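data-v4.cif (mmCIF, C-alpha atoms)
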```cif
data_query
loop_
_atom_site.label_atom_id
_atom_site.label_comp_id
_atom_site.auth_asym_id
_atom_site.auth_seq_id
_atom_site.Cartn_x
_atom_site.Cartn_y
_atom_site.Cartn_z
CA MET M 927 -134.12 -13.30 -155.59
CA THR M 928 -132.35 -10.54 -153.66
CA LEU M 929 -128.57 -10.81 -153.41
CA THR M 930 -126.67 -10.01 -150.23
CA GLN M 931 -124.33 -7.03 -150.33
CA HIS M 932 -121.33 -9.34 -150.36
CA ALA M 933 -122.71 -11.50 -153.19
CA ARG M 934 -123.60 -8.40 -155.21
CA LEU M 935 -120.13 -6.91 -154.73
CA LYS M 936 -118.51 -10.19 -155.72
CA LYS M 937 -120.62 -10.39 -158.88
CA ILE M 938 -119.75 -6.81 -159.85
CA LEU M 939 -116.02 -7.25 -159.29
CA ARG M 940 -116.00 -10.56 -161.18
CA ILE M 941 -117.09 -8.64 -164.28
CA ALA M 942 -115.42 -5.26 -163.70
CA VAL M 943 -111.88 -6.22 -162.68
CA PRO M 944 -110.99 -8.41 -165.71
CA ALA M 945 -112.67 -5.90 -168.05
CA ALA M 946 -110.64 -3.03 -166.57
CA LEU M 947 -107.42 -5.04 -166.75
CA GLN M 948 -108.18 -5.97 -170.35
CA SER M 949 -108.49 -2.28 -171.26
CA MET M 950 -105.28 -1.61 -169.33
CA LEU M 951 -103.48 -4.23 -171.42
CA ASP M 952 -104.66 -2.48 -174.59
CA LEU M 953 -103.02 0.70 -173.31
CA VAL M 954 -99.85 -1.14 -172.30
CA SER M 955 -99.59 -2.71 -175.75
CA MET M 956 -100.10 0.67 -177.41
CA PHE M 957 -97.51 2.44 -175.26
CA VAL M 958 -94.94 -0.32 -175.76
CA SER M 959 -95.40 0.15 -179.51
CA PHE M 960 -94.91 3.90 -179.07
CA ILE M 961 -91.66 3.25 -177.17
CA PHE M 962 -90.26 1.03 -179.92
CA ILE M 963 -91.43 3.39 -182.66
CA GLY M 964 -90.09 6.40 -180.76
CA SER M 965 -86.56 5.17 -181.48
CA LEU M 966 -87.25 5.51 -185.22
CA GLY M 967 -87.48 9.30 -185.09
CA GLY M 968 -90.03 12.09 -185.31
CA ALA M 969 -91.39 11.14 -188.74
CA ALA M 970 -92.37 7.65 -187.55
CA ILE M 971 -94.01 9.06 -184.40
CA SER M 972 -96.02 11.58 -186.44
CA ALA M 973 -97.02 8.86 -188.91
CA LEU M 974 -98.25 6.59 -186.14
CA GLY M 975 -100.17 9.42 -184.47
CA ALA M 976 -101.92 10.32 -187.74
CA SER M 977 -102.70 6.64 -188.44
CA VAL M 978 -104.21 6.16 -184.98
CA THR M 979 -106.38 9.26 -185.54
CA TYR M 980 -107.64 7.79 -188.83
CA PHE M 981 -108.35 4.38 -187.32
CA MET M 982 -110.23 5.87 -184.35
CA TYR M 983 -113.19 6.51 -186.63
CA ILE M 984 -113.50 2.74 -187.11
CA TYR M 985 -114.45 2.63 -183.42
CA ALA M 986 -117.74 4.32 -184.25
CA ILE M 987 -118.64 1.16 -186.20
CA THR M 988 -117.39 -1.23 -183.53
CA THR M 989 -119.35 0.63 -180.84
CA ILE M 990 -122.58 -0.17 -182.69
CA PHE M 991 -121.81 -3.89 -182.52
CA ASN M 992 -120.44 -3.74 -178.98
CA VAL M 993 -123.41 -1.98 -177.37
CA GLY M 994 -126.08 -3.68 -179.47
CA THR M 995 -124.72 -7.17 -178.85
CA ASN M 996 -124.21 -6.59 -175.12
CA ALA M 997 -127.69 -5.15 -174.54
CA CYS M 998 -129.48 -7.96 -176.39
CA VAL M 999 -127.38 -10.88 -175.17
CA SER M 1000 -127.39 -9.74 -171.51
CA ARG M 1001 -131.20 -9.54 -171.60
CA LYS M 1002 -131.42 -13.16 -172.81
CA ILE M 1003 -128.85 -14.29 -170.25
CA GLY M 1004 -131.00 -12.74 -167.53
CA MET M 1005 -133.94 -14.75 -168.85
CA LYS M 1006 -131.76 -17.92 -168.79
CA ASP M 1007 -132.39 -18.25 -172.53
CA TYR M 1008 -128.91 -19.30 -173.67
CA GLN M 1009 -130.22 -20.57 -177.01
CA SER M 1010 -131.47 -17.10 -177.98
CA ALA M 1011 -128.28 -15.52 -176.61
CA SER M 1012 -126.23 -17.81 -178.88
CA GLU M 1013 -128.52 -17.02 -181.82
CA ILE M 1014 -128.02 -13.28 -181.30
CA THR M 1015 -124.25 -13.73 -181.02
CA SER M 1016 -124.10 -15.81 -184.20
CA SER M 1017 -126.37 -13.42 -186.10
CA MET M 1018 -124.26 -10.42 -185.08
CA LEU M 1019 -121.08 -12.26 -186.11
CA PHE M 1020 -122.51 -12.91 -189.57
CA CYS M 1021 -123.61 -9.28 -189.75
CA SER M 1022 -120.16 -8.08 -188.68
CA LEU M 1023 -118.56 -10.02 -191.52
CA ILE M 1024 -120.88 -8.42 -194.06
CA VAL M 1025 -120.44 -4.90 -192.67
CA SER M 1026 -116.67 -5.32 -192.37
CA ILE M 1027 -116.42 -5.90 -196.13
CA PHE M 1028 -117.89 -2.46 -196.80
CA VAL M 1029 -115.84 -0.84 -194.02
CA PHE M 1030 -112.68 -2.43 -195.40
CA LEU M 1031 -113.41 -1.21 -198.93
CA LEU M 1032 -114.07 2.30 -197.59
CA ALA M 1033 -110.77 2.22 -195.67
CA PHE M 1034 -108.90 0.76 -198.65
CA PHE M 1035 -109.87 3.69 -200.88
CA THR M 1036 -109.60 6.47 -198.27
CA TYR M 1037 -106.54 5.77 -196.10
CA SER M 1038 -104.09 7.14 -198.66
CA PRO M 1039 -106.04 10.33 -199.54
CA PHE M 1040 -106.46 10.93 -195.79
CA PHE M 1041 -102.80 11.93 -195.52
CA LEU M 1042 -103.27 14.59 -198.19
CA LEU M 1043 -105.48 16.46 -195.71
CA LEU M 1044 -102.65 16.66 -193.17
CA ARG M 1045 -100.57 19.76 -193.76
CA ASP M 1046 -98.54 19.81 -190.56
CA ILE M 1047 -96.54 16.61 -191.03
CA SER M 1048 -93.68 15.89 -193.41
CA ASN M 1049 -93.93 13.94 -196.65
CA GLU M 1050 -91.78 11.24 -195.05
CA ALA M 1051 -94.28 10.88 -192.21
CA LYS M 1052 -97.16 10.70 -194.69
CA GLU M 1053 -95.45 7.94 -196.64
CA LEU M 1054 -94.68 5.99 -193.47
CA GLY M 1055 -98.28 6.39 -192.34
CA ARG M 1056 -99.61 5.07 -195.64
CA GLU M 1057 -97.29 2.07 -195.39
CA TYR M 1058 -98.43 1.35 -191.83
CA LEU M 1059 -102.14 1.58 -192.64
CA SER M 1060 -101.69 -0.54 -195.78
CA PHE M 1061 -101.28 -3.48 -193.37
CA VAL M 1062 -103.49 -2.37 -190.49
CA ILE M 1063 -106.69 -1.96 -192.55
CA TYR M 1064 -106.70 -5.73 -193.09
CA ILE M 1065 -107.48 -6.26 -189.39
CA ILE M 1066 -110.94 -4.68 -189.84
CA PRO M 1067 -112.96 -7.92 -190.39
CA PHE M 1068 -111.19 -9.64 -187.49
CA PHE M 1069 -111.42 -6.58 -185.25
CA ILE M 1070 -115.18 -6.14 -185.64
CA ALA M 1071 -115.80 -9.88 -185.16
CA LYS M 1072 -113.65 -9.79 -182.01
CA ILE M 1073 -115.73 -6.91 -180.64
CA VAL M 1074 -118.94 -8.94 -181.10
CA ILE M 1075 -117.51 -12.00 -179.34
CA VAL M 1076 -116.08 -10.03 -176.42
CA ALA M 1077 -119.36 -8.09 -176.05
CA ALA M 1078 -121.36 -11.33 -175.95
CA MET M 1079 -119.01 -12.89 -173.41
CA SER M 1080 -119.12 -9.77 -171.23
CA ALA M 1081 -122.92 -9.73 -171.47
CA SER M 1082 -122.97 -13.26 -170.08
CA GLY M 1083 -120.86 -12.07 -167.14
CA ASP M 1084 -117.65 -13.64 -168.43
CA THR M 1085 -114.92 -11.03 -168.77
CA GLN M 1086 -112.21 -13.43 -167.57
CA THR M 1087 -112.00 -15.37 -170.83
CA PRO M 1088 -111.39 -12.27 -173.02
CA PHE M 1089 -108.92 -11.04 -170.38
CA ARG M 1090 -106.89 -14.27 -170.48
CA VAL M 1091 -106.83 -14.13 -174.27
CA LYS M 1092 -105.78 -10.47 -174.09
CA ILE M 1093 -102.81 -11.38 -171.86
CA LEU M 1094 -101.52 -13.74 -174.55
CA ALA M 1095 -102.24 -11.18 -177.28
CA THR M 1096 -100.34 -8.47 -175.39
CA LEU M 1097 -97.30 -10.70 -174.89
CA LEU M 1098 -97.37 -11.62 -178.58
CA SER M 1099 -97.67 -7.93 -179.52
CA ILE M 1100 -94.64 -6.96 -177.41
CA LEU M 1101 -92.60 -9.85 -178.85
CA LEU M 1102 -93.48 -9.08 -182.48
CA ASN M 1103 -92.86 -5.36 -182.05
CA TYR M 1104 -89.45 -6.16 -180.55
CA LEU M 1105 -88.58 -8.50 -183.41
CA LEU M 1106 -90.03 -6.67 -186.41
CA ILE M 1107 -89.61 -2.95 -185.67
CA GLN M 1108 -85.92 -2.95 -184.77
CA GLY M 1109 -84.91 -6.26 -186.33
CA ASN M 1110 -83.77 -8.30 -183.34
CA PHE M 1111 -82.68 -11.97 -183.35
CA GLY M 1112 -82.05 -12.00 -187.08
CA PHE M 1113 -85.43 -10.59 -188.11
CA PRO M 1114 -85.42 -7.73 -190.66
CA ALA M 1115 -85.71 -4.21 -189.24
CA LEU M 1116 -89.01 -3.17 -190.82
CA GLY M 1117 -89.64 -0.05 -188.76
CA LEU M 1118 -93.22 1.23 -188.79
CA LYS M 1119 -94.16 -1.39 -191.38
CA GLY M 1120 -93.11 -4.02 -188.84
CA ALA M 1121 -95.48 -2.47 -186.30
CA GLY M 1122 -98.30 -2.74 -188.83
CA ILE M 1123 -97.52 -6.39 -189.54
CA ALA M 1124 -97.35 -7.14 -185.80
CA ASN M 1125 -100.71 -5.44 -185.26
CA LEU M 1126 -102.27 -7.51 -188.05
CA ILE M 1127 -100.90 -10.83 -186.78
CA VAL M 1128 -101.96 -10.16 -183.18
CA ASN M 1129 -105.54 -9.21 -184.11
CA ILE M 1130 -105.97 -12.26 -186.34
CA ALA M 1131 -104.59 -14.59 -183.67
CA GLU M 1132 -106.69 -13.06 -180.87
CA THR M 1133 -109.89 -13.30 -182.92
CA LEU M 1134 -109.26 -16.90 -183.98
CA VAL M 1135 -108.70 -17.96 -180.36
CA LEU M 1136 -111.99 -16.32 -179.31
CA VAL M 1137 -113.83 -18.01 -182.19
CA ALA M 1138 -112.34 -21.36 -181.15
CA ILE M 1139 -113.66 -20.82 -177.62
CA LEU M 1140 -117.16 -20.18 -179.03
CA PHE M 1141 -116.91 -23.49 -180.90
CA SER M 1142 -116.08 -25.23 -177.61
CA ALA M 1143 -118.95 -27.35 -176.30
CA ARG M 1144 -118.10 -26.31 -172.73
CA TYR M 1145 -118.83 -22.62 -173.26
CA PRO M 1146 -122.38 -21.41 -172.37
CA LEU M 1147 -122.62 -19.40 -175.58
CA SER M 1148 -122.07 -21.35 -178.77
CA TRP M 1149 -121.52 -20.76 -182.46
CA LEU M 1150 -124.66 -21.52 -184.47
CA TYR M 1151 -125.14 -21.42 -188.20
CA PHE M 1152 -127.98 -19.01 -187.62
CA PHE M 1153 -128.91 -15.66 -189.14
CA SER M 1154 -131.91 -13.62 -188.00
CA LYS M 1155 -132.68 -10.26 -189.55
CA GLU M 1156 -135.04 -9.46 -186.67
CA GLN M 1157 -132.36 -10.01 -184.04
CA ILE M 1158 -129.77 -8.08 -186.02
CA TRP M 1159 -132.15 -5.17 -186.47
CA ALA M 1160 -132.99 -5.14 -182.75
CA ALA M 1161 -129.29 -5.02 -181.84
CA LEU M 1162 -128.37 -2.43 -184.47
CA LYS M 1163 -131.30 -0.23 -183.44
CA ILE M 1164 -129.84 -0.11 -179.93
CA GLY M 1165 -126.22 0.16 -181.04
CA PHE M 1166 -126.54 2.79 -183.77
CA PRO M 1167 -127.13 5.79 -181.44
CA SER M 1168 -124.05 4.75 -179.44
CA GLY M 1169 -122.00 4.53 -182.64
CA LEU M 1170 -123.19 7.99 -183.66
CA GLU M 1171 -122.37 9.25 -180.17
CA ARG M 1172 -118.86 7.79 -180.45
CA LEU M 1173 -118.39 9.51 -183.81
CA PHE M 1174 -119.42 12.86 -182.34
CA THR M 1175 -117.15 12.33 -179.34
CA ILE M 1176 -114.10 11.46 -181.45
CA THR M 1177 -114.71 14.52 -183.63
CA SER M 1178 -115.10 16.75 -180.57
CA MET M 1179 -111.79 15.43 -179.19
CA ALA M 1180 -110.08 16.28 -182.47
CA ILE M 1181 -111.51 19.81 -182.42
CA LEU M 1182 -110.49 20.33 -178.79
CA THR M 1183 -106.98 19.15 -179.66
CA LEU M 1184 -106.78 21.73 -182.45
CA ILE M 1185 -107.96 24.48 -180.08
CA VAL M 1186 -105.33 23.59 -177.48
CA ALA M 1187 -102.65 23.36 -180.19
CA GLY M 1188 -103.31 27.05 -180.86
CA TYR M 1189 -101.76 27.88 -177.47
CA GLY M 1190 -98.31 26.71 -178.59
CA GLU M 1191 -96.21 23.59 -178.75
CA GLU M 1192 -95.47 23.41 -175.01
CA ALA M 1193 -99.12 23.81 -174.04
CA PHE M 1194 -100.13 21.20 -176.59
CA ALA M 1195 -97.49 18.72 -175.41
CA GLY M 1196 -98.60 19.27 -171.80
CA TYR M 1197 -102.21 18.64 -172.76
CA MET M 1198 -101.30 15.41 -174.57
CA ILE M 1199 -99.28 14.15 -171.58
CA GLY M 1200 -102.10 15.07 -169.20
CA SER M 1201 -104.60 13.24 -171.39
CA ARG M 1202 -102.32 10.20 -171.44
CA VAL M 1203 -102.10 10.19 -167.63
CA GLU M 1204 -105.87 10.56 -167.38
CA SER M 1205 -106.40 7.63 -169.75
CA PHE M 1206 -104.67 5.38 -167.20
CA VAL M 1207 -106.56 6.93 -164.30
CA PHE M 1208 -110.07 6.33 -165.62
CA MET M 1209 -109.31 2.84 -166.95
CA PRO M 1210 -111.06 1.19 -163.93
CA CYS M 1211 -114.22 3.02 -164.96
CA PHE M 1212 -114.29 1.08 -168.22
CA GLY M 1213 -114.55 -2.13 -166.22
CA LEU M 1214 -117.31 -0.70 -164.04
CA MET M 1215 -119.14 0.56 -167.13
CA ILE M 1216 -119.08 -2.97 -168.60
CA ALA M 1217 -120.38 -4.33 -165.30
CA ALA M 1218 -123.17 -1.73 -165.23
CA MET M 1219 -124.16 -2.47 -168.83
CA SER M 1220 -124.14 -6.26 -168.40
CA LEU M 1221 -125.86 -6.42 -165.00
CA MET M 1222 -128.53 -3.90 -166.00
CA GLY M 1223 -129.37 -6.01 -169.06
CA GLN M 1224 -129.33 -9.29 -167.12
CA ASN M 1225 -131.54 -8.00 -164.31
CA LEU M 1226 -134.04 -6.41 -166.68
CA GLY M 1227 -134.15 -9.68 -168.62
CA ALA M 1228 -134.92 -11.50 -165.36
CA LYS M 1229 -137.45 -8.76 -164.49
CA ARG M 1230 -135.52 -7.88 -161.33
CA GLU M 1231 -135.91 -4.12 -161.50
CA ALA M 1232 -135.06 -3.50 -157.84
CA GLU M 1233 -131.90 -5.61 -158.07
CA ALA M 1234 -130.84 -3.71 -161.21
CA LYS M 1235 -131.03 -0.44 -159.29
CA ARG M 1236 -129.14 -1.87 -156.31
CA CYS M 1237 -126.36 -3.12 -158.58
CA ILE M 1238 -125.95 0.24 -160.30
CA LYS M 1239 -125.89 2.10 -156.98
CA MET M 1240 -123.18 -0.21 -155.65
CA ILE M 1241 -121.16 0.21 -158.85
CA LEU M 1242 -121.53 3.98 -158.46
CA TRP M 1243 -120.25 3.79 -154.90
CA LEU M 1244 -117.22 1.77 -156.02
CA GLY M 1245 -116.46 4.03 -158.97
CA MET M 1246 -116.88 7.31 -157.11
CA SER M 1247 -114.72 6.12 -154.19
CA PHE M 1248 -111.93 4.90 -156.43
CA MET M 1249 -111.96 7.82 -158.85
CA GLY M 1250 -112.27 10.31 -156.01
CA THR M 1251 -109.06 8.94 -154.51
CA LEU M 1252 -107.25 9.12 -157.85
CA GLY M 1253 -108.62 12.63 -158.36
CA ILE M 1254 -106.91 13.74 -155.15
CA VAL M 1255 -103.62 12.34 -156.48
CA LEU M 1256 -104.03 14.34 -159.70
CA ILE M 1257 -104.74 17.52 -157.72
CA VAL M 1258 -101.87 17.29 -155.22
CA ALA M 1259 -99.18 15.60 -157.36
CA PRO M 1260 -99.83 16.39 -161.05
CA ILE M 1261 -96.16 16.94 -161.95
CA PHE M 1262 -95.12 13.70 -160.25
CA VAL M 1263 -97.54 11.57 -162.30
CA SER M 1264 -96.59 13.43 -165.52
CA ARG M 1265 -92.82 13.11 -165.13
CA PRO M 1266 -92.50 9.56 -166.60
CA PHE M 1267 -93.65 10.96 -169.96
CA ASN M 1268 -91.39 14.03 -170.17
CA ASP M 1269 -88.73 15.93 -168.23
CA ASP M 1270 -89.20 19.42 -169.69
CA ILE M 1271 -90.36 21.51 -166.73
CA ARG M 1272 -92.43 23.89 -168.87
CA ILE M 1273 -94.32 21.02 -170.51
CA LEU M 1274 -94.78 19.38 -167.11
CA GLU M 1275 -96.29 22.60 -165.76
CA TYR M 1276 -98.85 22.66 -168.58
CA SER M 1277 -99.65 19.00 -167.94
CA ALA M 1278 -100.04 19.74 -164.23
CA LEU M 1279 -102.42 22.58 -165.05
CA TYR M 1280 -104.66 20.23 -167.02
CA LEU M 1281 -104.56 17.47 -164.41
CA PHE M 1282 -105.28 19.89 -161.55
CA TYR M 1283 -108.60 20.99 -163.03
CA ILE M 1284 -109.52 17.53 -164.32
CA GLY M 1285 -108.74 16.01 -160.92
CA PHE M 1286 -111.74 17.79 -159.39
CA SER M 1287 -114.11 16.16 -161.89
CA GLN M 1288 -113.07 12.52 -161.47
CA ILE M 1289 -116.06 11.66 -159.26
CA PRO M 1290 -118.66 13.02 -161.71
CA LEU M 1291 -116.67 11.39 -164.54
CA ALA M 1292 -117.13 8.03 -162.79
CA MET M 1293 -120.86 8.73 -162.55
CA ILE M 1294 -121.02 9.46 -166.29
CA PHE M 1295 -119.20 6.25 -167.25
CA ILE M 1296 -121.32 4.04 -165.01
CA LEU M 1297 -124.74 5.59 -165.63
CA ASP M 1298 -124.03 5.77 -169.36
CA GLY M 1299 -123.28 2.04 -169.25
CA ALA M 1300 -126.43 1.35 -167.24
CA LEU M 1301 -128.64 3.20 -169.72
CA ARG M 1302 -126.97 1.44 -172.64
CA GLY M 1303 -127.56 -1.91 -170.96
CA ALA M 1304 -131.23 -0.98 -170.67
CA GLY M 1305 -131.30 -0.13 -174.37
CA ALA M 1306 -131.78 3.62 -173.77
CA THR M 1307 -129.00 4.59 -176.18
CA LYS M 1308 -130.93 7.48 -177.73
CA VAL M 1309 -130.94 9.13 -174.31
CA THR M 1310 -127.16 8.81 -173.91
CA LEU M 1311 -126.67 10.14 -177.45
CA ILE M 1312 -128.72 13.26 -176.71
CA VAL M 1313 -127.17 13.92 -173.29
CA ASN M 1314 -123.54 13.45 -174.34
CA SER M 1315 -123.81 15.23 -177.67
CA CYS M 1316 -125.69 18.26 -176.34
CA SER M 1317 -123.42 18.62 -173.32
CA ILE M 1318 -120.08 18.07 -175.05
CA TRP M 1319 -120.85 20.13 -178.16
CA GLY M 1320 -123.19 22.70 -176.65
CA ILE M 1321 -121.03 23.48 -173.61
CA ARG M 1322 -117.51 22.06 -173.84
CA ILE M 1323 -116.68 22.61 -177.52
CA LEU M 1324 -118.64 25.85 -177.95
CA SER M 1325 -117.08 27.40 -174.84
CA ALA M 1326 -113.57 26.19 -175.70
CA SER M 1327 -113.92 27.61 -179.22
CA VAL M 1328 -114.88 31.03 -177.87
CA ILE M 1329 -112.10 30.95 -175.26
CA GLY M 1330 -109.52 29.94 -177.87
CA TYR M 1331 -110.74 32.49 -180.41
CA PHE M 1332 -110.34 35.39 -177.98
CA GLY M 1333 -107.03 34.07 -176.64
CA VAL M 1334 -108.23 33.72 -173.05
CA SER M 1335 -106.00 31.67 -170.71
CA ILE M 1336 -105.93 27.94 -171.40
CA GLU M 1337 -106.92 27.43 -167.77
CA MET M 1338 -110.43 28.55 -168.69
CA ILE M 1339 -110.74 25.70 -171.20
CA TYR M 1340 -109.81 23.16 -168.55
CA LEU M 1341 -112.18 24.79 -166.05
CA VAL M 1342 -115.05 24.56 -168.56
CA MET M 1343 -114.21 20.89 -169.21
CA SER M 1344 -114.40 20.17 -165.49
CA LEU M 1345 -117.65 22.09 -164.97
CA GLU M 1346 -119.25 20.43 -168.00
CA THR M 1347 -118.43 17.02 -166.51
CA PHE M 1348 -120.23 17.99 -163.27
CA LEU M 1349 -123.27 19.20 -165.21
CA ARG M 1350 -123.50 16.09 -167.38
CA ALA M 1351 -123.16 13.82 -164.35
CA GLY M 1352 -126.04 15.71 -162.72
CA VAL M 1353 -128.22 15.16 -165.78
CA TYR M 1354 -127.40 11.44 -165.82
CA TRP M 1355 -128.20 11.10 -162.12
CA PHE M 1356 -131.54 12.89 -162.59
CA LEU M 1357 -132.48 10.58 -165.49
CA PHE M 1358 -131.44 7.48 -163.54
CA GLN M 1359 -133.42 8.51 -160.47
CA LYS M 1360 -136.41 9.34 -162.66
CA GLY M 1361 -136.28 5.73 -163.88
CA ILE M 1362 -136.00 6.34 -167.61
CA TRP M 1363 -134.23 2.96 -167.85
CA ARG M 1364 -137.45 1.24 -166.71
CA ASP M 1365 -139.12 2.12 -170.00
CA SER M 1366 -137.27 -0.77 -171.63
CA LEU M 1367 -139.32 -3.16 -169.50
CA LYS M 1368 -142.39 -1.97 -171.36
CA GLN M 1369 -140.64 -2.56 -174.70
CA PRO M 1370 -138.85 -5.91 -174.37
CA LEU M 1371 -136.23 -6.80 -176.94
CA LYS M 1372 -137.48 -9.14 -179.59
CA ALA M 1373 -135.65 -12.38 -180.08
#
```

Once you've parsed the file, please lay out its structure as structure tokens.
Amino acid sequence: MTLTQHARLKKILRIAVPAALQSMLDLVSMFVSFIFIGSLGGAAISALGASVTYFMYIYAITTIFNVGTNACVSRKIGMKDYQSASEITSSMLFCSLIVSIFVFLLAFFTYSPFFLLLRDISNEAKELGREYLSFVIYIIPFFIAKIVIVAAMSASGDTQTPFRVKILATLLSILLNYLLIQGNFGFPALGLKGAGIANLIVNIAETLVLVAILFSARYPLSWLYFFSKEQIWAALKIGFPSGLERLFTITSMAILTLIVAGYGEEAFAGYMIGSRVESFVFMPCFGLMIAAMSLMGQNLGAKREAEAKRCIKMILWLGMSFMGTLGIVLIVAPIFVSRPFNDDIRILEYSALYLFYIGFSQIPLAMIFILDGALRGAGATKVTLIVNSCSIWGIRILSASVIGYFGVSIEMIYLVMSLETFLRAGVYWFLFQKGIWRDSLKQPLKA
């Protein structure tokens, strides 16, 4: 069955828009927490920043479950095999509970020593960070399980349910931060510890609501007391390269941050503000990436190869048009979009410098997000691992290290980042046109 252009667009937007808004709500929740915590002073801000850096490495684990679950479930949804889709979801949930025990134990014994490695923050900040993480690490089992459920729902084409749950979770997060951090309405002022408690409560509540929905007889996917080693292995085999890729990417971001920090406090602050602005700008691409991943898997499962390609090309058109427009805004008004985060003109100038160069690469960045999602949906995660790792480390990080070592202008680092994005997008487009994603049709996922 060939969809009309209108029907195809409607299907894409039905997945992409709620997914993008859900990611936006995550950012809103995080920034609201930063605002409340900002009133506690520099030590609390440094502690939260260090804690977030530590917890980011947990995302390498969650990416394995996210990509693996989505790729396998979407394939079964495309085949109209909801029983197998539910079996995969249930198996991955059981697996997530087992893995989360080991991840929790690792976090339990490493979060405190982690702060000993940080030399540039005060002892007060280290102590506050330890106190914050002493609560946050307990979200790990719930967080990983939530990732599996949301991935399965997205794979089935339903991003509206997780989005509605996220709205409630965000409102609860804002309320609890307001009550527990500063001690409003008779609640104790717990400071950063209050933020940790709020984070824990919100994640538990959000996960339990999603689990309850899976138990609902009305939902297409259902909770089954089912555990299949074959299905788990198939999903993990797809997800592991993506998890490794995420680990490499997080590490490369940390290294790039250290390189930029070598240019001084103002340059570093400008870079951080520019990165924050960019995180809002490319948020729609997360939704389009989810749509690309889910629709690629569904169409390959239904053996509609031509429709899969049409969907990805339409998603590319949407992403490139939208990101191209936002890129123009970054180029012509970088100081304007940076001003809400700071009013120091020197810092704003450094932020504008970053956004100016990055603005030119928003169209290829959209291509990377979408084609990366398409290849993941096809199960070609080893390809995305090789492309992203070689490009980011072999070009971006290596070049930035040389530029920083010789003290060349920071503009050159941003120029290299922009050029590397163009090059990587070109590689992705070549691989997509070559049809490397079709290879998964010859190696169907085992149920």

Name every residue that the PyMOL selection byres ((chain M and resi 1282-1294) around 8) selects in this structure, writing the answer as a VMD selection string with chains first and numbers rising.
-> chain M and resid 1208 1211 1242 1245 to 1247 1249 to 1250 1252 to 1258 1260 1278 to 1281 1295 to 1298 1340 to 1341 1343 to 1345 1347 to 1348 1350 to 1352 1354 to 1355

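Atom CA of M:Leu935 sits 27.2 Å away from atom CA of M:Thr989.
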
Selection: 8 Å around stretch 1027-1029 of chain M, only C-alpha atoms, excl. self and same-chain fewer than 4 positions, as a ChimeraX atom specification = /M:1023,1033,1066-1067

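When the PyMOL selection byres ((chain M and resi 1194) around 12) is evaluated on the file shown here, the picked residues come out as Leu1182, Thr1183, Leu1184, Ile1185, Val1186, Ala1187, Gly1188, Tyr1189, Gly1190, Glu1191, Glu1192, Ala1193, Ala1195, Gly1196, Tyr1197, Met1198, Ile1199, Gly1200, Ser1201, Arg1272, Ile1273, Leu1274, Glu1275, Tyr1276, Ser1277, Leu1279, Tyr1280 and Ile1336 of chain M.
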
Give me the result of the PyMOL selection byres ((chain M and resi 1324) around 12) on this file, residue by residue, as number ranges by chain.
-> M: 1178, 1181-1182, 1185, 1315-1323, 1325-1331, 1339, 1342-1343, 1346

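Between atom CA of M:Leu1173 and atom CA of M:Asn1049 there is a distance of 28.0 Å.
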
For M:Ile1014, the closest of M:Leu1101, M:Val1263, M:Val958, M:Cys998 counting all atoms listed in the file is M:Cys998

Top pick for closest residue to M:Val978, considering M:Gln948, M:Thr930, M:Asn992, M:Ser959 and counting all atoms listed in the file |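 Between M:Gln948, M:Thr930, M:Asn992, M:Ser959, the residue approaching M:Val978 most closely is M:Ser959.
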
Using only C-alpha atoms: which of M:Ile1065, M:Ile990, M:Arg1364, M:Ala946 has the shortest distance to M:Ala1232 =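 Using only C-alpha atoms, the shortest distance to M:Ala1232 belongs to M:Arg1364.
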
For atom CA of M:Ile941 and atom CA of M:Thr1085, determine how far apart the two atoms are, in Å to one decimal place.
->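 Here the two named atoms are 5.5 Å from each other.
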
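Shortest separation to M:Ser1026 among M:Gly1299, M:Ser1000, M:Glu1013, M:Phe1069 occurs at residue M:Phe1069, atoms counted being only C-alpha atoms.
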
Closest to M:Phe962 among M:Val1353, M:Leu1102, M:Ile1216, M:Val1062, using all atoms listed in the file?
->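 Closest to M:Phe962, using all atoms listed in the file: M:Leu1102.
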
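Closest approach to M:Gly994 among M:Phe1035, M:Phe1113, M:Tyr1008, M:Trp1159: M:Trp1159, based on only C-alpha atoms.
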
Give me the residues within 9 Å of M:Ile1003 as a PyMOL selection string, counting all atoms listed in the file and dropping any in the same chain fewer than 6 places off.
-> chain M and resi 1010-1011+1081-1083+1223-1224+1227-1228

Would you mind listing what lies within 9 Å of M:Leu1311 as a PyMOL selection string, with only C-alpha atoms counted and same-chain residues fewer than 2 positions away left out?
-> chain M and resi 1167-1172+1307-1309+1313-1316

Padding of 6 Å on every side, edges along x, y and z, all listed atoms of stretch 1040-1056 of chain M included: what centre and edge lengths in Å, to one decimal, does that box have, as lines of an AutoDock Vina configuration file?
```
center_x = -99.1
center_y = 12.4
center_z = -194.4
size_x = 26.7
size_y = 26.7
size_z = 19.6
```

Anything within 8 Å of (-121.7, -5.6, -165.8): list those residues as a PyMOL selection string, counting all atoms listed in the file and sticking to the file's coordinates.
-> chain M and resi 938+941-942+1080-1081+1083+1213-1222
